[in-house]
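Engineer: The structure file model_35.tsv (TSV, C-alpha atoms and all ligand atoms) is provided below.
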```
chain	number	residue	atom	x	y	z
U	1	MET	CA	104.14	104.24	127.37
U	2	GLN	CA	105.06	101.16	129.43
U	3	GLU	CA	108.67	99.99	129.00
U	4	SER	CA	109.39	99.40	125.31
U	5	GLU	CA	111.32	96.12	126.00
U	6	HIS	CA	107.93	94.47	126.71
U	7	TYR	CA	106.83	95.21	123.17
U	8	LYS	CA	109.79	93.83	121.22
U	9	GLY	CA	108.35	91.92	118.26
U	10	ARG	CA	104.85	93.21	118.99
U	11	GLU	CA	105.36	96.94	118.63
U	12	HIS	CA	101.77	97.34	117.40
U	13	SER	CA	100.53	96.26	120.86
U	14	GLY	CA	102.69	99.01	122.35
U	15	ILE	CA	100.96	101.53	120.09
U	16	LYS	CA	97.52	100.17	120.98
U	17	HIS	CA	98.43	100.50	124.66
U	18	PHE	CA	99.69	104.04	124.14
U	19	LEU	CA	96.30	105.01	122.68
U	20	LEU	CA	94.37	103.20	125.41
U	21	GLU	CA	96.43	104.83	128.12
U	22	SER	CA	96.26	108.36	126.76
U	23	TYR	CA	92.53	108.17	126.02
U	24	LEU	CA	91.64	106.62	129.40
U	25	GLU	CA	93.57	109.37	131.19
U	26	ARG	CA	91.56	112.04	129.41
U	27	LEU	CA	88.29	110.18	129.90
U	28	PHE	CA	88.67	109.46	133.61
U	29	MET	CA	89.76	113.02	134.38
U	30	ILE	CA	86.66	114.40	132.63
U	31	VAL	CA	84.11	111.84	133.83
U	32	GLY	CA	85.61	111.95	137.33
U	33	GLN	CA	84.58	115.61	137.64
U	34	HIS	CA	80.95	114.61	138.04
U	35	GLU	CA	80.80	110.86	138.75
U	36	ARG	CA	81.39	109.12	142.05
U	37	ARG	CA	81.96	105.72	140.45
U	38	ILE	CA	83.46	104.64	137.15
U	39	CYS	CA	83.40	101.08	135.75
U	40	TYR	CA	86.06	99.73	133.43
U	41	ILE	CA	85.48	96.40	131.66
U	42	ASP	CA	88.20	94.60	129.72
U	43	CYS	CA	86.17	92.00	127.82
U	44	PHE	CA	89.17	90.03	126.42
U	45	SER	CA	91.74	90.90	129.01
U	46	GLY	CA	94.49	88.30	128.70
U	47	PRO	CA	97.18	88.21	129.99
U	48	TRP	CA	99.00	86.78	127.03
U	49	LYS	CA	100.76	83.51	127.78
U	50	GLU	CA	104.18	85.11	127.67
U	51	ALA	CA	103.37	87.89	130.15
U	52	ASP	CA	105.51	87.77	133.32
U	53	LYS	CA	103.90	87.44	136.74
U	54	ASN	CA	103.78	91.23	137.11
U	55	LEU	CA	101.75	91.27	133.88
U	56	SER	CA	104.03	93.97	132.49
U	57	GLY	CA	103.08	95.30	129.07
U	58	THR	CA	99.45	94.18	129.32
U	59	SER	CA	96.22	96.17	129.16
U	60	ILE	CA	95.49	94.89	132.69
U	61	THR	CA	98.37	96.65	134.44
U	62	LEU	CA	98.12	99.63	132.14
U	63	SER	CA	94.45	100.31	132.89
U	64	LEU	CA	94.89	99.81	136.64
U	65	ASP	CA	97.80	102.20	136.61
U	66	VAL	CA	95.74	104.86	134.82
U	67	MET	CA	92.90	104.38	137.32
U	68	ARG	CA	95.33	104.75	140.23
U	69	LYS	CA	96.90	107.93	138.79
U	70	CYS	CA	93.57	109.52	137.86
U	71	ARG	CA	92.07	108.69	141.24
U	72	ASN	CA	94.99	110.45	142.93
U	73	SER	CA	94.82	113.49	140.64
U	74	LEU	CA	91.06	113.76	141.12
U	75	GLN	CA	91.48	113.46	144.87
U	76	GLU	CA	93.97	116.35	144.83
U	77	ARG	CA	91.20	118.36	143.14
U	78	GLY	CA	88.72	117.47	145.85
U	79	LYS	CA	86.90	114.75	143.86
U	80	SER	CA	86.56	111.35	145.42
U	81	VAL	CA	86.04	108.73	142.72
U	82	GLU	CA	85.76	104.99	143.18
U	83	PHE	CA	86.85	102.76	140.31
U	84	ARG	CA	85.50	99.27	139.63
U	85	ALA	CA	87.37	97.11	137.14
U	86	LEU	CA	86.24	93.84	135.61
U	87	PHE	CA	88.48	91.55	133.55
U	88	ILE	CA	87.12	88.69	131.40
U	89	GLU	CA	89.39	85.91	130.23
U	90	LYS	CA	88.57	82.59	128.59
U	91	GLY	CA	91.91	80.76	128.95
U	92	LYS	CA	92.22	78.75	132.18
U	93	GLN	CA	95.95	79.41	132.69
U	94	SER	CA	95.70	83.07	131.77
U	95	TYR	CA	92.73	83.47	134.08
U	96	LYS	CA	94.68	81.91	136.97
U	97	LYS	CA	97.52	84.36	136.41
U	98	LEU	CA	95.07	87.24	136.18
U	99	ASP	CA	93.17	86.25	139.28
U	100	ALA	CA	96.37	85.77	141.31
U	101	TYR	CA	97.64	89.16	140.18
U	102	LEU	CA	94.41	90.95	141.07
U	103	LYS	CA	94.26	89.26	144.49
U	104	GLU	CA	97.73	90.37	145.44
U	105	THR	CA	97.40	93.88	144.00
U	106	GLN	CA	95.31	95.96	146.34
U	107	LEU	CA	94.81	99.51	145.19
U	108	ASP	CA	93.12	102.17	147.25
U	109	GLY	CA	89.69	103.05	145.88
U	110	ILE	CA	89.86	100.48	143.06
U	111	THR	CA	87.95	97.22	143.34
U	112	THR	CA	88.75	94.51	140.83
U	113	GLU	CA	87.14	91.30	139.74
U	114	ALA	CA	87.99	88.61	137.19
U	115	MET	CA	85.57	86.31	135.39
U	116	ASN	CA	86.62	83.11	133.65
U	117	GLY	CA	84.66	82.29	130.53
U	118	GLU	CA	83.71	83.41	127.07
U	119	PHE	CA	82.72	87.02	126.62
U	120	HIS	CA	79.56	86.29	124.63
U	121	ASN	CA	78.30	83.87	127.29
U	122	LEU	CA	79.00	86.35	130.06
U	123	ARG	CA	77.32	89.42	128.58
U	124	SER	CA	74.36	89.48	130.98
U	125	GLU	CA	76.65	88.91	133.95
U	126	ILE	CA	78.85	91.75	132.78
U	127	LEU	CA	75.86	94.06	132.45
U	128	SER	CA	74.56	93.13	135.92
U	129	TRP	CA	78.05	93.71	137.34
U	130	CYS	CA	77.97	97.23	135.81
U	131	GLY	CA	74.54	98.02	137.24
U	132	SER	CA	72.51	100.67	135.51
U	133	ARG	CA	73.68	103.90	137.08
U	134	ASP	CA	77.46	104.17	136.73
U	135	PHE	CA	79.47	105.29	133.74
U	136	ALA	CA	81.21	102.34	132.04
U	137	PHE	CA	84.02	101.98	129.53
U	138	PHE	CA	84.25	98.66	127.61
U	139	PHE	CA	87.49	97.56	126.00
U	140	ILE	CA	86.84	94.81	123.42
U	141	ASP	CA	90.15	93.45	122.23
U	142	PRO	CA	89.77	89.88	120.94
U	143	LYS	CA	92.23	87.96	118.79
U	144	GLY	CA	89.71	87.43	115.99
U	145	TRP	CA	86.09	88.37	115.43
U	146	LYS	CA	83.94	85.30	116.12
U	147	ASN	CA	81.50	85.88	118.99
U	148	ALA	CA	83.24	89.14	119.72
U	149	ILE	CA	82.71	92.12	117.43
U	150	GLU	CA	79.60	91.13	115.46
U	151	MET	CA	76.64	93.49	115.73
U	152	PRO	CA	74.24	90.99	117.38
U	153	ILE	CA	76.92	90.10	119.95
U	154	LEU	CA	77.66	93.72	120.84
U	155	MET	CA	74.05	94.92	120.70
U	156	PRO	CA	73.16	94.44	124.43
U	157	LEU	CA	76.30	96.31	125.51
U	158	LEU	CA	75.80	99.07	122.95
U	159	GLN	CA	72.30	99.65	124.22
U	160	ARG	CA	73.50	100.37	127.73
U	161	HIS	CA	73.32	104.08	128.47
U	162	ARG	CA	76.28	105.98	129.99
U	163	SER	CA	78.82	103.82	128.21
U	164	GLU	CA	81.77	104.08	125.84
U	165	TYR	CA	83.52	101.39	123.84
U	166	LEU	CA	86.86	100.72	122.20
U	167	ILE	CA	86.74	97.79	119.78
U	168	ASN	CA	89.60	96.10	118.01
U	169	PHE	CA	88.53	95.64	114.38
U	170	MET	CA	90.96	92.99	113.11
U	171	TYR	CA	91.40	94.44	109.66
U	172	ASP	CA	94.14	92.15	108.34
U	173	PHE	CA	91.98	89.06	109.06
U	174	LEU	CA	88.81	90.63	107.72
U	175	LEU	CA	90.51	91.80	104.56
U	176	ARG	CA	91.42	88.20	103.76
U	177	THR	CA	88.09	86.65	104.69
U	178	HIS	CA	85.42	89.11	103.67
U	179	THR	CA	85.29	87.75	100.12
U	180	GLN	CA	85.40	84.05	101.05
U	181	LYS	CA	82.23	81.98	100.77
U	182	PRO	CA	82.64	79.96	104.02
U	183	PHE	CA	82.68	83.20	106.03
U	184	GLN	CA	79.61	84.84	104.49
U	185	GLU	CA	77.42	84.33	107.54
U	186	ASP	CA	80.08	85.80	109.81
U	187	MET	CA	80.51	88.79	107.49
U	188	GLN	CA	76.76	89.37	107.50
U	189	ALA	CA	76.83	89.45	111.31
U	190	ILE	CA	79.81	91.81	111.42
U	191	PHE	CA	78.85	94.25	108.67
U	192	GLY	CA	75.08	93.84	108.47
U	193	GLU	CA	75.57	92.80	104.83
U	194	ILE	CA	78.10	90.85	102.79
U	195	PRO	CA	80.62	93.47	101.70
U	196	ASP	CA	81.22	93.79	97.99
U	197	THR	CA	84.62	95.34	97.44
U	198	SER	CA	85.27	94.10	93.91
U	199	GLY	CA	86.99	96.63	91.70
U	200	MET	CA	88.12	98.77	94.64
U	201	SER	CA	91.70	99.89	95.24
U	202	PRO	CA	93.29	98.72	98.54
U	203	LYS	CA	92.66	102.14	100.09
U	204	GLU	CA	89.04	102.26	98.90
U	205	ARG	CA	88.48	98.73	100.22
U	206	GLU	CA	89.88	99.63	103.62
U	207	ASP	CA	87.82	102.83	103.84
U	208	HIS	CA	84.71	100.97	102.72
U	209	LEU	CA	85.02	98.11	105.22
U	210	ILE	CA	85.69	100.31	108.23
U	211	GLN	CA	82.89	102.69	107.25
U	212	LEU	CA	80.46	99.80	106.80
U	213	TYR	CA	81.34	98.43	110.22
U	214	ARG	CA	80.97	101.82	111.94
U	215	ASP	CA	77.70	102.57	110.16
U	216	GLY	CA	76.36	99.15	111.19
U	217	LEU	CA	77.18	99.73	114.85
U	218	LYS	CA	75.68	103.20	114.74
U	219	SER	CA	72.49	101.81	113.21
U	220	ILE	CA	71.81	99.71	116.31
U	221	PRO	CA	68.57	101.12	117.77
U	222	ALA	CA	69.38	104.00	120.10
U	223	ASN	CA	68.90	103.87	123.84
U	224	SER	CA	67.80	106.77	126.00
U	225	ALA	CA	71.28	108.28	125.68
U	226	GLY	CA	70.63	108.94	121.99
U	227	ARG	CA	72.61	108.06	118.91
U	228	LEU	CA	76.09	106.60	118.95
U	229	ARG	CA	78.98	108.50	117.46
U	230	SER	CA	82.15	106.81	116.28
U	231	ALA	CA	85.74	107.49	115.33
U	232	TYR	CA	88.67	105.19	114.67
U	233	VAL	CA	92.41	105.04	114.55
U	234	SER	CA	94.60	102.71	112.51
U	235	ILE	CA	97.35	100.58	114.00
U	236	LEU	CA	99.87	99.69	111.34
U	237	ASP	CA	102.14	96.71	110.96
U	238	PRO	CA	105.43	97.66	112.66
U	239	VAL	CA	107.45	97.28	109.44
U	240	LYS	CA	105.14	96.69	106.48
U	241	ASP	CA	103.16	99.64	105.20
U	242	ARG	CA	99.76	98.19	105.90
U	243	THR	CA	97.08	98.25	108.57
U	244	LYS	CA	97.04	95.53	111.21
U	245	TYR	CA	93.87	96.65	112.89
U	246	HIS	CA	91.63	99.61	113.52
U	247	LEU	CA	90.53	100.64	116.96
U	248	VAL	CA	86.92	101.72	116.66
U	249	TYR	CA	85.67	104.04	119.36
U	250	LEU	CA	81.99	104.60	120.18
U	251	THR	CA	80.44	107.16	122.45
U	252	HIS	CA	77.22	109.10	122.94
U	253	HIS	CA	79.10	112.28	123.71
U	254	PRO	CA	80.57	114.79	121.19
U	255	LEU	CA	83.40	115.69	123.56
U	256	GLY	CA	84.35	111.98	123.60
U	257	ILE	CA	85.07	112.15	119.85
U	258	VAL	CA	87.20	115.28	120.29
U	259	LYS	CA	89.25	113.76	123.13
U	260	PHE	CA	89.62	110.41	121.38
U	261	MET	CA	90.91	112.07	118.21
U	262	ASP	CA	93.27	114.16	120.30
U	263	ALA	CA	94.68	110.98	121.89
U	264	SER	CA	94.83	109.43	118.40
U	265	GLU	CA	96.88	112.30	117.08
U	266	LYS	CA	99.45	111.87	119.86
U	267	MET	CA	99.46	108.14	119.12
U	268	ASP	CA	99.99	108.81	115.42
U	269	ILE	CA	103.21	110.69	116.15
U	270	VAL	CA	104.46	107.91	118.47
U	271	GLN	CA	103.46	105.26	115.93
U	272	LYS	CA	105.48	106.94	113.17
U	273	GLN	CA	108.54	107.15	115.43
U	274	VAL	CA	108.22	103.55	116.68
U	275	ARG	CA	107.85	102.23	113.14
U	276	ALA	CA	110.92	104.15	111.97
U	277	GLU	CA	112.93	102.72	114.90
U	278	THR	CA	111.62	99.18	114.37
U	279	LYS	CA	112.52	99.30	110.69
U	280	GLN	CA	115.98	100.57	111.58
U	281	ASN	CA	116.46	97.81	114.17
U	282	ARG	CA	115.42	95.17	111.65
U	283	ARG	CA	117.92	96.59	109.11
U	284	ILE	CA	120.68	96.49	111.72
U	285	GLU	CA	119.79	92.88	112.67
U	286	ALA	CA	119.79	91.86	109.02
U	287	THR	CA	123.05	93.54	108.00
U	288	GLY	CA	124.95	93.55	111.30
U	289	GLN	CA	125.83	97.17	110.45
U	290	HIS	CA	125.08	99.90	112.93
U	291	GLU	CA	123.64	103.12	111.50
U	292	LEU	CA	125.16	106.47	112.24
U	293	PHE	CA	121.96	108.42	112.69
U	294	PRO	CA	118.86	107.79	114.77
U	295	ALA	CA	115.81	106.52	112.90
U	296	GLU	CA	113.91	109.26	111.17
U	297	ILE	CA	110.27	109.30	110.33
U	298	ASP	CA	109.84	108.58	106.66
U	299	PRO	CA	107.57	111.29	105.27
U	300	ALA	CA	106.70	108.93	102.42
U	301	ILE	CA	104.83	106.61	104.80
U	302	GLY	CA	102.19	109.20	104.78
U	303	GLU	CA	99.62	107.56	102.57
U	304	ASP	CA	97.64	108.82	105.53
U	305	THR	CA	99.07	112.33	105.18
U	306	ILE	CA	96.16	114.67	104.72
U	307	ASP	CA	96.21	117.04	101.75
U	308	ILE	CA	95.62	120.49	103.23
U	309	LYS	CA	93.92	121.62	100.04
U	310	VAL	CA	91.24	118.98	100.53
U	311	VAL	CA	90.72	120.15	104.12
U	312	LYS	CA	90.44	123.76	102.95
U	313	ASP	CA	87.83	122.80	100.35
U	314	TYR	CA	85.94	120.95	103.07
U	315	TRP	CA	85.88	124.11	105.22
U	316	MET	CA	84.71	126.22	102.28
U	317	ASP	CA	81.79	123.82	101.80
U	318	LYS	CA	80.88	124.00	105.47
U	319	LEU	CA	80.92	127.80	105.62
U	320	SER	CA	78.73	130.37	103.93
U	321	ASP	CA	78.38	134.17	103.79
U	322	THR	CA	76.07	133.99	106.78
U	323	PRO	CA	77.93	133.66	110.11
U	324	ARG	CA	77.38	130.33	111.84
U	325	ILE	CA	78.26	129.25	115.37
U	326	PHE	CA	80.65	126.30	115.51
U	327	GLN	CA	80.67	124.41	118.78
U	328	THR	CA	82.13	121.18	120.16
U	329	GLU	CA	79.30	119.24	118.57
U	330	ASP	CA	80.21	120.61	115.12
U	331	LEU	CA	83.86	119.75	115.64
U	332	ALA	CA	82.83	116.21	116.66
U	333	ASP	CA	80.67	115.93	113.51
U	334	MET	CA	83.58	117.02	111.32
U	335	LEU	CA	86.06	114.64	112.97
U	336	GLU	CA	83.57	111.80	112.72
U	337	GLU	CA	82.85	112.50	109.08
U	338	THR	CA	86.47	112.84	107.93
U	339	ASN	CA	88.59	111.02	110.53
U	340	TRP	CA	91.08	113.91	110.29
U	341	PHE	CA	92.67	115.35	113.40
U	342	GLU	CA	91.60	118.68	114.86
U	343	THR	CA	95.07	120.02	113.96
U	344	ASN	CA	94.31	119.45	110.25
U	345	LEU	CA	91.09	121.47	110.52
U	346	GLN	CA	92.72	124.25	112.53
U	347	GLN	CA	95.67	124.53	110.17
U	348	ALA	CA	93.42	124.68	107.10
U	349	PHE	CA	91.20	127.34	108.72
U	350	LYS	CA	94.29	129.39	109.57
U	351	GLU	CA	95.53	129.27	105.96
U	352	LEU	CA	92.10	130.26	104.64
U	353	ALA	CA	91.92	133.14	107.15
U	354	ASP	CA	95.42	134.31	106.14
U	355	GLU	CA	94.29	134.22	102.51
U	356	GLY	CA	91.30	136.39	103.47
U	357	LYS	CA	88.76	133.72	102.49
U	358	VAL	CA	87.22	133.03	105.90
U	359	ALA	CA	86.96	134.75	109.27
U	360	ASN	CA	86.34	133.94	112.88
U	361	LEU	CA	84.12	136.84	113.97
U	362	ASP	CA	84.68	136.17	117.66
U	363	ALA	CA	88.44	135.75	117.68
U	364	PRO	CA	90.50	138.47	119.37
U	365	ILE	CA	91.86	141.16	117.03
U	366	PRO	CA	94.59	140.65	116.01
U	367	ASN	CA	94.09	136.88	116.16
U	368	ARG	CA	97.37	135.61	117.61
U	369	ARG	CA	96.13	132.05	117.91
U	370	SER	CA	98.47	130.54	115.38
U	371	LYS	CA	97.75	126.87	116.20
U	372	LYS	CA	94.08	127.01	117.19
U	373	PRO	CA	92.38	129.87	115.34
U	374	VAL	CA	88.98	128.44	116.31
U	375	HIS	CA	87.99	127.75	119.92
U	376	PHE	CA	85.05	125.41	119.43
U	377	LYS	CA	84.09	125.26	123.08
U	378	GLU	CA	83.57	129.03	123.05
U	379	ASN	CA	80.85	128.82	120.39
U	380	GLU	CA	82.54	131.20	117.97
U	381	ARG	CA	80.93	132.47	114.75
U	382	LEU	CA	82.68	131.57	111.52
U	383	GLN	CA	81.94	132.66	107.97
U	384	ARG	CA	83.19	132.84	104.42
U	385	ILE	CA	84.28	136.26	103.22
Q	401	LIG	C1	94.30	90.06	122.13
Q	401	LIG	S1	94.35	89.22	123.66
Q	401	LIG	C2	94.10	90.50	124.81
Q	401	LIG	C3	95.21	91.41	124.97
Q	401	LIG	C4	95.00	92.45	126.03
Q	401	LIG	N1	93.75	93.20	125.83
Q	401	LIG	C5	96.15	93.42	126.02
Q	401	LIG	O1	96.10	94.41	125.30
Q	401	LIG	O2	97.13	93.18	126.76
Q	401	LIG	C6	92.84	88.39	123.72
Q	401	LIG	C7	92.62	87.58	124.97
Q	401	LIG	O3	91.27	87.15	125.00
Q	401	LIG	C8	91.21	85.81	125.38
Q	401	LIG	N2	89.99	85.27	124.74
Q	401	LIG	C9	89.86	84.69	123.53
Q	401	LIG	N3	88.58	84.39	123.28
Q	401	LIG	C10	87.87	84.82	124.34
Q	401	LIG	C11	86.50	84.83	124.67
Q	401	LIG	N4	85.59	84.32	123.83
Q	401	LIG	N5	86.12	85.40	125.83
Q	401	LIG	C12	87.03	85.93	126.68
Q	401	LIG	N6	88.37	85.93	126.44
Q	401	LIG	C13	88.77	85.39	125.29
Q	401	LIG	C14	92.47	85.19	124.88
Q	401	LIG	O4	92.80	84.05	125.67
Q	401	LIG	C15	93.47	86.34	125.06
Q	401	LIG	O5	94.06	86.27	126.32
```
Go through the file and emit its structure as structure tokens.
Structural biologist:
Amino acid sequence: MQESEHYKGREHSGIKHFLLESYLERLFMIVGQHERRICYIDCFSGPWKEADKNLSGTSITLSLDVMRKCRNSLQERGKSVEFRALFIEKGKQSYKKLDAYLKETQLDGITTEAMNGEFHNLRSEILSWCGSRDFAFFFIDPKGWKNAIEMPILMPLLQRHRSEYLINFMYDFLLRTHTQKPFQEDMQAIFGEIPDTSGMSPKEREDHLIQLYRDGLKSIPANSAGRLRSAYVSILDPVKDRTKYHLVYLTHHPLGIVKFMDASEKMDIVQKQVRAETKQNRRIEATGQHELFPAEIDPAIGEDTIDIKVVKDYWMDKLSDTPRIFQTEDLADMLEETNWFETNLQQAFKELADEGKVANLDAPIPNRRSKKPVHFKENERLQRI
């Protein structure tokens, strides 16, 4: 993660950047094995007004740094990959800063370009800049939703083949506005319908809204690359126990879902630690009293903690007495359906196997894989006993 001092007071941005960085690393190293060129498009790039002239703690420097590192690592493995990066920014002053930074930062094998204007007006230019052959990753990180994350606005990008997307779904704004009359048209454009969440608990409402949004995006008519898959991760308020936004990820590739959820799991651990530290710092600021022990993760924050019994029941439903091959695609389906991490599924399978309820017919005997009893990429056969 970039230096934590850059994130003081906006720790959630640090978490978002951690996820972006760790997913991009995985993505570029995989895609770079077979692509000669990779495009990266930051559709709402900033920099924020307060960013220094080195643009520290921004998605701009972070993404360029990942491209530089991955290009070097790929080169060491005999793969020569060229990166092209495009940054879109509406603000005149921010654009100037961005443009100046890109002009004075020359990186071997990475060409950069900045466009000044509004994302929705620039969509065809963005798509022509991408061309039709290269793999492209779109980062869509606006401050609100208008002319940004609605289905009709995203449709042309989502219909591009060989593309992946990470979209900031501003949950705390949408939670407040989705029931308000003046915003009904906007809500229709975002969700494909006006969400009715009356009578729902806060958790049900959150699950419903994010599911509706993901389903809407996935319902956009498929391109030649086939149907879109999606997963998401929640970025919480640094101190209050509530969601600030969700990062919604879209891909055509099952392995994308697996790698994204892997990056999300790492982020989840960092997020818990950062929140515990931020809460401790706020307590110290408020009381003037230093605390003897380092901040500890509060296990009670785990409204998101997954009940292993529920995961075990889910496995039992998936399996039958007839052996069935489980491959990466099945893992992606399960992650997409539940938004659990692979670790949750592996741990539940292990417990069921120890209880003699399920078996992996292709695991070595004895099965010493204590953390990953199922190797999905090896197409192993699983069954209920
Ligand atoms: C949330 S900030 C981006 C933060 C950046 N992605 C990061 O993580 O460091 C959103 C940026 O988009 C810019 N912006 C707002 N509306 C825009 C639009 N319609 N088109 C392009 N940029 C826009 C804002 O000026 C702001 O700099």
Engineer: Give me the chain U side of the contact with ligand LIG 401 (chain Q), cut-off 6 Å, one line per residue showing its nearest atom pair and distance in Å at one decimal, counting only C-alpha atoms and all ligand atoms, sorted by chain and residue number, as a Markdown table.
Structural biologist:
```
| residue | atom | partner | partner_atom | distance |
| --- | --- | --- | --- | --- |
| U:Phe44 | CA | Q:LIG401 | O3 | 3.8 |
| U:Ser45 | CA | Q:LIG401 | N1 | 4.4 |
| U:Gly46 | CA | Q:LIG401 | O5 | 3.2 |
| U:Pro47 | CA | Q:LIG401 | O5 | 5.2 |
| U:Trp48 | CA | Q:LIG401 | O5 | 5.0 |
| U:Thr58 | CA | Q:LIG401 | O2 | 3.6 |
| U:Ser59 | CA | Q:LIG401 | O2 | 3.9 |
| U:Ile88 | CA | Q:LIG401 | C12 | 5.5 |
| U:Glu89 | CA | Q:LIG401 | N6 | 3.9 |
| U:Lys90 | CA | Q:LIG401 | N6 | 4.0 |
| U:Gly91 | CA | Q:LIG401 | O4 | 4.7 |
| U:Gly117 | CA | Q:LIG401 | C12 | 5.8 |
| U:Glu118 | CA | Q:LIG401 | N5 | 3.4 |
| U:Phe119 | CA | Q:LIG401 | N5 | 3.8 |
| U:Asp141 | CA | Q:LIG401 | N1 | 5.1 |
| U:Pro142 | CA | Q:LIG401 | C6 | 4.4 |
| U:Lys143 | CA | Q:LIG401 | C1 | 4.5 |
```
Engineer: With 12 Å as the threshold, what does the neighbourhood of (81.5, 98.6, 133.0) contain in terms of residues, counting all atoms listed in the file? Coordinates are those of the file; answer as a ChimeraX atom specification.
Structural biologist: /U:37-43,83-88,112-113,123-140,157-158,160-165
Engineer: Thr197 (chain U): which residues within 10 Å, counting only C-alpha atoms, same-chain residues fewer than 4 positions away excluded, as number ranges by chain?
Structural biologist: U: 175, 178-179, 201-202, 204-206, 208-209
Engineer: Record the distance separating CA of Val233 (chain U) and CA of Leu247 (chain U), expressed in Å with one decimal.
Structural biologist: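 Between these atoms lies a distance of 5.4 Å.
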Engineer: Which one is closest to Arg229 (chain U): U:Pro152, U:Phe183, U:Glu337, U:Arg275? Count all atoms listed in the file.
Structural biologist: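 Looking at the shortest contact to Arg229 (chain U), the residue is U:Glu337.
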Engineer: For Met261 (chain U), which residue out of U:Gln280, U:Ser234, U:Asn223, U:Asn168 is the nearest one, using all atoms listed in the file?
Structural biologist: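 Under the stated criterion, the closest residue is U:Ser234.
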Engineer: Which is closer to Phe349 (chain U) than all the others in U:Glu21, U:Glu82, U:Asp313, U:Glu380, using all atoms listed in the file?
Structural biologist: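 Result for the nearest residue to Phe349 (chain U): U:Asp313.
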Engineer: Neighbouring residues of Asn379 (chain U) were defined as those with any atom within 12 Å, considering all atoms listed in the file; residues of the same chain fewer than 2 positions away were excluded. Please report them as number ranges by chain.
Structural biologist: U: 323-331, 360-363, 374-377, 381-382
Engineer: Ala222 (chain U): which residues within 8 Å, counting all atoms listed in the file, same-chain residues fewer than 5 positions away excluded, as a PyMOL selection string?
Structural biologist: chain U and resi 159+227-228
Engineer: List the spatial neighbours of Ala263 (chain U) as an NGL selection string - criterion: any atom at most 9 Å away, only C-alpha atoms, same-chain residues fewer than 4 positions off excluded.
Structural biologist: :U and (18-23 or 26 or 258-259 or 267-268)
Engineer: Could you take the residues named above and write them with C-alpha atoms, as a PDB file, in the frame of the given file?
Structural biologist:
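Written out: result-v1.pdb:
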```pdb
ATOM      1  CA  PHE U  18      99.690 104.040 124.140  1.00  0.00           C
ATOM      2  CA  LEU U  19      96.300 105.010 122.680  1.00  0.00           C
ATOM      3  CA  LEU U  20      94.370 103.200 125.410  1.00  0.00           C
ATOM      4  CA  GLU U  21      96.430 104.830 128.120  1.00  0.00           C
ATOM      5  CA  SER U  22      96.260 108.360 126.760  1.00  0.00           C
ATOM      6  CA  TYR U  23      92.530 108.170 126.020  1.00  0.00           C
ATOM      7  CA  ARG U  26      91.560 112.040 129.410  1.00  0.00           C
ATOM      8  CA  VAL U 258      87.200 115.280 120.290  1.00  0.00           C
ATOM      9  CA  LYS U 259      89.250 113.760 123.130  1.00  0.00           C
ATOM     10  CA  MET U 267      99.460 108.140 119.120  1.00  0.00           C
ATOM     11  CA  ASP U 268      99.990 108.810 115.420  1.00  0.00           C
TER      12      ASP U 268
END
```
Engineer: By how many Å are CA of Leu212 (chain U) and CA of Ile190 (chain U) apart?
Structural biologist: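 Distance between the two atoms: 9.3 Å.
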Engineer: Rounded to one decimal, what separation in Å do you get between CA of Lys318 (chain U) and CA of Ser219 (chain U)?
Structural biologist: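 Calculated distance between CA of Lys318 (chain U) and CA of Ser219 (chain U) is 25.0 Å.
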Engineer: Do you know which residues lie at most 6 Å from (96.3, 127.8, 112.4), with coordinates as in the file and all atoms listed in the file counted, and could you write them as a list in words?
Structural biologist: Gln346, Gln347, Lys350, Ser370, Lys371, Lys372 and Pro373 of chain U
Engineer: Would you mind telling me which residue in U:Val239, U:Ile220, U:Leu62, U:Ile30 lies nearest to Gly14 (chain U) when using all atoms listed in the file?
Structural biologist: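 Smallest separation from Gly14 (chain U) among the options: U:Leu62.
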Engineer: Kindly provide, as AutoDock Vina command-line options, the centre and edge lengths (Å, one decimal) of an axis-aligned box around all atoms of region 238-248 of chain U given in the file, with 3 Å on each side.
Structural biologist:
```
--center_x 97.2 --center_y 98.6 --center_z 111.1 --size_x 26.5 --size_y 12.2 --size_z 17.8
```
Engineer: Ranking U:Lys53, U:Gln289, U:Asp65, U:Gly78 by minimum distance to Leu98 (chain U) and counting only C-alpha atoms, which one comes first?
Structural biologist: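 Looking at the shortest contact to Leu98 (chain U), the residue is U:Lys53.
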Engineer: U:Val310, U:Glu11, U:Gly192, U:Gln383: which is nearest Gln273 (chain U), counting all atoms listed in the file?
Structural biologist: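 Comparing U:Val310, U:Glu11, U:Gly192, U:Gln383 against Gln273 (chain U), the winner is U:Glu11.
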